[in-house]
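Undergrad: Below you will find the structure I want to go over with you.
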Amino acid sequence: MQLAKISRADRREAVALVEGDAIMTLAASQQYPTLFEILESPDPAAVVRSLARADAPREKLADVALLAPIDRQEVWAAGVTYRRSQVARMQESQGAA
C-alpha cells in the first residue's frame with residue numbers, strides 16, 4: 001500500500017492511495033484529515049481502507065503534483081524524522097546535560 005500527499009489542479013491538498021500509475025483520493029475525515037494523522041494512527045492500513053471509497057474516481061498519477069510527505073510533524077534533520085529517532089535524540093540530549 002502506497003500513500004501520497006498530492007496537490008490538485010485547484011491547489012487543494014489531499015491524501016491519495018497510489019495504485020500503479022493511478023491514484024484514488026481518500027475520503028475526507030475529521031479524525032484523519034492529513035497524512036500525519038493517518039500514519040500516526042494505531043492501524044494506518046485499516047484507516048486507509050475505511051477512507052478508500054470503491055466508487056471514488058481514479059486519476060492519472062501524472063496529472064497531480066506530489067508533495068513532500070510531511071504535514072505538522074517536526075523534522076529535525078535527514079534521518080531523524082521517525083518517532084524512535086526522536087525519542088533516542090531526546091534521551092541523548094538529556095544524558096548530555
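For the C-alpha cells, the naming scheme is as follows: chains receive sequential letters (A, B, ...) according to their order of presentation, residues are indexed from 1 within each chain, and ligands are indexed from 1 in presentation order.
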With a distance cut-off of 8 Å and only C-alpha atoms, select the neighbouring residues of segment 59-65 of chain A, excluding the residue or stretch itself and same-chain residues fewer than 2 positions from it, and output the selection as a list in words.
TA: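 Skipping anything fewer than 2 positions along the chain leaves Ile6, Ser7, Arg8, Ala9, Val18, Asp21, Ala22, Ile23, Met24, Pro57 and Leu67 of chain A.
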Undergrad: Output C-alpha atoms for every residue in the selection just made, as a compact mmCIF listing (two decimals), in the first residue's frame.
TA:
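To be explicit, this is the file written out as part_17.txt:
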# COMPACT_ATOMS: atom_id res chain seq x y z
CA ILE A 6 -0.92 15.49 -3.51
CA SER A 7 -1.90 18.91 -4.76
CA ARG A 8 -4.78 19.06 -7.20
CA ALA A 9 -5.15 21.50 -10.09
CA VAL A 18 -1.39 5.09 -5.23
CA ASP A 21 0.09 4.76 -12.37
CA ALA A 22 -3.27 5.87 -10.94
CA ILE A 23 -4.35 7.45 -7.68
CA MET A 24 -7.54 7.46 -5.68
CA PRO A 57 -12.75 8.16 -9.36
CA LEU A 67 4.04 16.96 -2.28
Undergrad: Which residues come within 10 Å of segment 68-75 of chain A, counting only C-alpha atoms, excluding same-chain residues fewer than 4 positions away, as a PyMOL selection string?
TA: chain A and resi 3-6+15+34-37+79-83+86
Undergrad: Taking only chain A into account, list the residues labelled helix (DSSP H, G or I) by DSSP (computed from the backbone), as a ChimeraX atom specification.
TA: /A:35-40,44-51,61-63,83-96
Undergrad: Taking only chain A into account, list the residues labelled strand (DSSP E or B) by DSSP (computed from the backbone), as a list in words.
TA: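 Everything in chain A that counts as strand (DSSP E or B) is Gln2, Leu3, Ala4, Lys5, Ile6, Ser7, Glu13, Ala14, Val15, Ala16, Leu17, Val18, Glu19, Ala22, Ile23, Met24, Thr25, Arg58, Glu59, Lys60, Ala65 and Leu66 of chain A.
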Undergrad: Mind giving me the straight-line distance from atom CA of Leu26 of chain A to atom CA of Ala52 of chain A in Å, one decimal?
TA: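 If I compute the distance from atom CA of Leu26 of chain A to atom CA of Ala52 of chain A, I get 5.1 Å.
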